[in-house]
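Written out below as structure tokens is the structure these notes cover.
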Amino acid sequence: MWLQQRLKGLPGLLSSSWARRLLCLLGLLLLLLWFASSGARRAAGGLHLPSWARSEPGAAEPSACLEAATRAWRGLRDRGEAVPLGPGVPALVANGFLALDAANNRLWVTPGEREPAVTPDFVPFVQLRPLNVVAEAGEAVLLLREGLLRRVRCLQLGTPGSGPAAGVPGPASASGLSTGSGRDCVLLQEDFLAHRGRPHVYLQRIQLNNPTERVAAFQTVGPTSGPVPKSFTSTLEKVGDHQFLLYSGRSTPLPSGLVHLVVVTSKKLVNRLQVAPKTQMDETVLWVVHVSAPIHPQVLKSKGTKELKALQDLARKEMLELLEMPASELLQDHQYLWAQLFSPGVEMKRITDAHTPSGLTVNLTLYYMLSCSPAPLLSPSLSHRERDQMEATLNYEDHCFSGHATMHAENLWPGQLSSVQQILQLADLWKLTLQKRGCKGLVKVGAPGILQGMVLSFGGLQFTENHLQFQADPEVLHNSYALHGIRYKNDHISLAVLADAEGKPYLHVSLESRGQPVKIYACEAGCLHDPVELTSEPGGHTFSVMVTQPITPLLYISTDLTHLQDLRHTLHLKAILAHDEHMAQQDPGLPFLFWFSVASLITLFHLFLFKLIYNEYCGPGAKPLFRSKEDPSV
């Protein structure tokens, strides 16, 4: 009864215009929601899902295995020490002489400074193709502190010869899939690196763990097992118990027409890898690359044979030396040298604007620049005399870094890098910038000096004849960051820009003594107060941010106490202000024209109001303000 009465009243309700509009709006909203849900369903069932998510029962098995295998990467990612590969993160491993793109399997050789990179027609790494896999999941990361790329693949095995598109697995596989445990997946981990202490060496470590009841078989595809590249010839070298492949060829011609002779030696790898059930395998494939100086094609026949033989002898000698070493020792040596090289750096703590690079951008840029820079100081063949000279150059920074800070230079700290070629161009730009800003000595030392110059340039630190000065722009101190490992004399200095509870910036300086202790002093802008001796105590030292007029450095650090005491008499300053007072002067508020306009509007309004009142009571025909009793209208 109630429903019939409401239905009878429906035509009257729809007769109003607002009701019809509301009904049309609700219908349009429902239609949009239906389209959005159908689009989401199509995306979920499309081709963008990984293969393991589209397989038969037990499809989540590889993903569970991958989650367990990469769990340790979470903490590294949070600390900025591991970066997953993806758009804007090229898969580069390099050592200043060799540059390798692990994702596209390409090789570059940089024979010298400001020389174009040589690109041999040579596939550098071995690819492993599983022969009996039905599902797979994988992930790869750059480990910045170890200087290598690590790729993990979890493979679910089926019957031999089956692939990702195979049908329902056999009984043994089906029983394994139903368990839902990581024991049913084969774990393949690969490490790609260019050795930091041996510029001509790169390697690929292959680790296989097969906890299943099946044999895991892989087809190897690459230079050590596949056909020889067209521009190369290969021979099998046997020396004692060792055998390796020797490749000889030439690079593609440069724009000038010159070519390079290229010799590569590689450890021999079988065409098919098999891992028995319940077993593990650990194999390291080594390569040695030597490149000649550029040669004109016309003299290639006369000089090429002798040059090629010399390169082959060098490559043989180094490969035999490597084969006598345990592969684990070679890997540990690389990781130790890289960690020692990457100890200085920049730590981003708090970013409050869109123009300051993120911690990820800074760490990736430092990693790529270290990868593209040679490190002769780390070479085992370096003599003691040459090492002492380089150490002296590294400790004498001259006038590096002159000019304004590079913190907001987006072309030096790019947020996105699309290719290895772009990284090589960025490395050339950094070297040129440092050379033009008083850092020629640091660039000459190689990777340690280039990293030192980059850290100095980020915050605006500059060495002078008598002191180290921090000349950052006072207006960008709203960001918090730390500069670690600044070499000064025999010590390492860390300088941080931090903010207190009220948001006011202050400077924190800590000291790490290396070698014979030396007294180091510091004072803030103007050196108005007595210099403070810096010690290696854990708490460090704090300095308030003072801004002078005219602008001078915010902090001075020196081993000469008398020099700092004399600075206050030679700066000739007009005033010394606290940072908040300086910012208040820089931002006085709204301009004078705004306040003049507001005052004019208020004045005009009151004049108009006064005119209305005057016309009402004092103008022509105005009524008297007070009426008498004799007035007939009262």
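Every chain in the structure tokens takes a letter, A first, then B, and so on in the order presented; its residues are numbered from 1, and the ligands are numbered from 1 following the presented order.
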
inquiry  = Show me, as a list of chain:residue names, the residues that have an atom within 12 Å of Gln565 in chain A when counting only C-alpha atoms, minus same-chain residues fewer than 6 positions from it.
reply    = A:Tyr521, A:Ala522, A:Cys523, A:Glu524, A:Gly526, A:Cys527, A:Leu528, A:His529, A:Asp530, A:Pro531, A:Val532, A:Tyr556, A:Ile557, A:Ser558, A:Thr559, A:Leu571

Restricted to C-alpha atoms, what would the selected residues look like written as a compact mmCIF listing (two decimals), in the first residue's frame?
```txt
# COMPACT_ATOMS: atom_id res chain seq x y z
CA TYR A 521 90.28 25.09 14.30
CA ALA A 522 87.01 26.56 13.09
CA CYS A 523 84.99 29.76 13.46
CA GLU A 524 81.68 30.96 12.04
CA GLY A 526 83.20 36.95 10.47
CA CYS A 527 85.24 35.00 13.07
CA LEU A 528 83.86 37.39 15.68
CA HIS A 529 84.31 34.79 18.41
CA ASP A 530 87.49 32.92 19.22
CA PRO A 531 88.13 29.87 16.99
CA VAL A 532 87.17 26.46 18.40
CA TYR A 556 86.19 28.85 8.24
CA ILE A 557 88.32 25.77 9.02
CA SER A 558 92.10 25.93 9.25
CA THR A 559 95.15 24.45 10.94
CA LEU A 571 87.07 41.15 6.38
```

task = Do a neighbour search on Trp413 in chain A at 8 Å with only C-alpha atoms, toss out local chain neighbours closer than 3 positions, and write the hits as number ranges by chain.
result = A: 357, 361-362, 365, 407-410

Could you write those residues out with C-alpha atoms, as a PDB file, in the first residue's frame?
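The result, stored in selection05.pdb:
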```pdb
ATOM      1  CA  PRO A 357      67.990  16.781  -5.813  1.00  0.00           C
ATOM      2  CA  THR A 361      69.447  11.224  -7.396  1.00  0.00           C
ATOM      3  CA  VAL A 362      72.601  12.226  -5.492  1.00  0.00           C
ATOM      4  CA  THR A 365      74.996  10.366  -9.742  1.00  0.00           C
ATOM      5  CA  MET A 407      73.372  21.714  -5.499  1.00  0.00           C
ATOM      6  CA  HIS A 408      70.663  23.141  -7.759  1.00  0.00           C
ATOM      7  CA  ALA A 409      72.420  22.468 -11.095  1.00  0.00           C
ATOM      8  CA  GLU A 410      69.951  20.025 -12.653  1.00  0.00           C
TER       9      GLU A 410
END
```

message = List as a PyMOL selection string the protein and nucleic acid residues near range 104-120 of chain A, meaning an atom at most 10 Å away when only C-alpha atoms are counted, but skip any in the same chain fewer than 3 places from it.
response = chain A and resi 90-92+94-101+123-127+200+222+229+231-232+249-255+259-263+289-294+372-374+420-421+424+428+431-432+444

All helix (DSSP H, G or I) residues (DSSP, backbone) inside range 104-307 of chain A, as a compact mmCIF listing (two decimals) with C-alpha atoms, in the first residue's frame:
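Result file is states23.txt:
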```txt
# COMPACT_ATOMS: atom_id res chain seq x y z
CA PRO A 171 52.62 -35.48 -11.48
CA ALA A 172 55.85 -34.66 -9.69
CA SER A 173 55.55 -30.99 -10.63
CA ALA A 174 51.92 -30.86 -9.66
CA SER A 175 52.65 -32.22 -6.22
CA GLY A 176 55.39 -29.66 -5.83
CA LEU A 177 53.12 -26.82 -6.89
CA SER A 178 50.50 -27.72 -4.36
CA THR A 179 52.91 -27.39 -1.47
CA GLY A 182 60.06 -22.03 -1.78
CA ARG A 183 61.59 -25.55 -2.08
CA ASP A 184 59.92 -25.95 -5.48
CA PRO A 297 93.28 2.01 -41.75
CA GLN A 298 96.04 2.68 -44.31
CA VAL A 299 98.82 1.67 -41.90
CA LEU A 300 96.81 -1.13 -40.30
CA LYS A 301 98.47 -3.86 -42.39
CA SER A 302 102.00 -2.70 -41.67
CA LYS A 303 101.63 -1.95 -37.94
CA GLY A 304 98.57 -3.99 -37.06
CA THR A 305 100.24 -7.40 -36.76
CA LYS A 306 102.87 -6.25 -34.29
CA GLU A 307 100.37 -4.22 -32.26
```

inquiry  = Need to verify the contact set: Gln335 in chain A, 10 Å, only C-alpha atoms, exclusion of same-chain residues closer than 3 positions in sequence. Can you return it as a ChimeraX atom specification?
reply    = /A:145-148,193,195-197,329-332,338-341

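Counting only C-alpha atoms, the residue from A:Leu258, A:Leu273, A:Tyr396, A:Asp313 that sits nearest to Glu237 in chain A is A:Asp313.
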
message = At a cut-off of 12 Å, using only C-alpha atoms, what residues contact Gly515 in chain A? Leave out same-chain residues fewer than 3 positions from it and give the result as an MDAnalysis selection string.
response = chainID A and resid 488:492 512 518

Selected residues, C-alpha atoms, written as a short mmCIF file (atom, residue, chain, number, x, y, z; two decimals), in the first residue's frame, please.
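Everything below was put into selection-v4.cif:
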```
data_model
loop_
_atom_site.label_atom_id
_atom_site.label_comp_id
_atom_site.auth_asym_id
_atom_site.auth_seq_id
_atom_site.Cartn_x
_atom_site.Cartn_y
_atom_site.Cartn_z
CA TYR A 488 91.84 18.05 4.94
CA LYS A 489 95.50 17.44 5.77
CA ASN A 490 95.53 13.98 7.37
CA ASP A 491 91.94 14.07 8.62
CA HIS A 492 88.44 13.60 7.25
CA GLU A 512 87.86 11.73 11.97
CA VAL A 518 96.93 17.72 13.57
#
```

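Of the listed residues A:Cys185, A:Val152, A:Ala276, A:Leu320, the one whose atoms come nearest to Leu245 in chain A is A:Leu320, with distances taken using only C-alpha atoms.
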
ask   = If you run DSSP on this backbone, which residues of range 262-502 of chain A come out as strand (DSSP E or B), and could you give them as a PyMOL selection string?
value = chain A and resi 262-267+272-275+279-291+295+345-350+461-463+468-470+480-488+491-499

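Among the candidates A:Leu370, A:Leu323, A:Val598, A:Leu468, the one nearest to Ala447 in chain A when counting only C-alpha atoms is A:Leu370.
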
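Among the candidates A:Ala578, A:Leu534, A:Leu442, A:Ile295, the residue lying nearest to Tyr506 in chain A is A:Ala578 (atoms considered: only C-alpha atoms).
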
message = What's the separation between CA of Asn411 in chain A and CA of Thr356 in chain A, in Å to one decimal place?
response = 12.2 Å

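A straight line drawn from CA of Glu81 in chain A to CA of Pro448 in chain A is 18.7 Å long.
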
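Closest approach to Arg198 in chain A among A:Ala427, A:Val455, A:Val288, A:Ala525: A:Val288, based on only C-alpha atoms.
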
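Using only C-alpha atoms, the nearest neighbour of His484 in chain A within the list A:Phe342, A:Arg129, A:Glu67, A:His399 is A:Phe342.
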
key: Interatomic distance, CA of Gly453 in chain A to CA of Cys439 in chain A (Å, one decimal)   = 6.7 Å
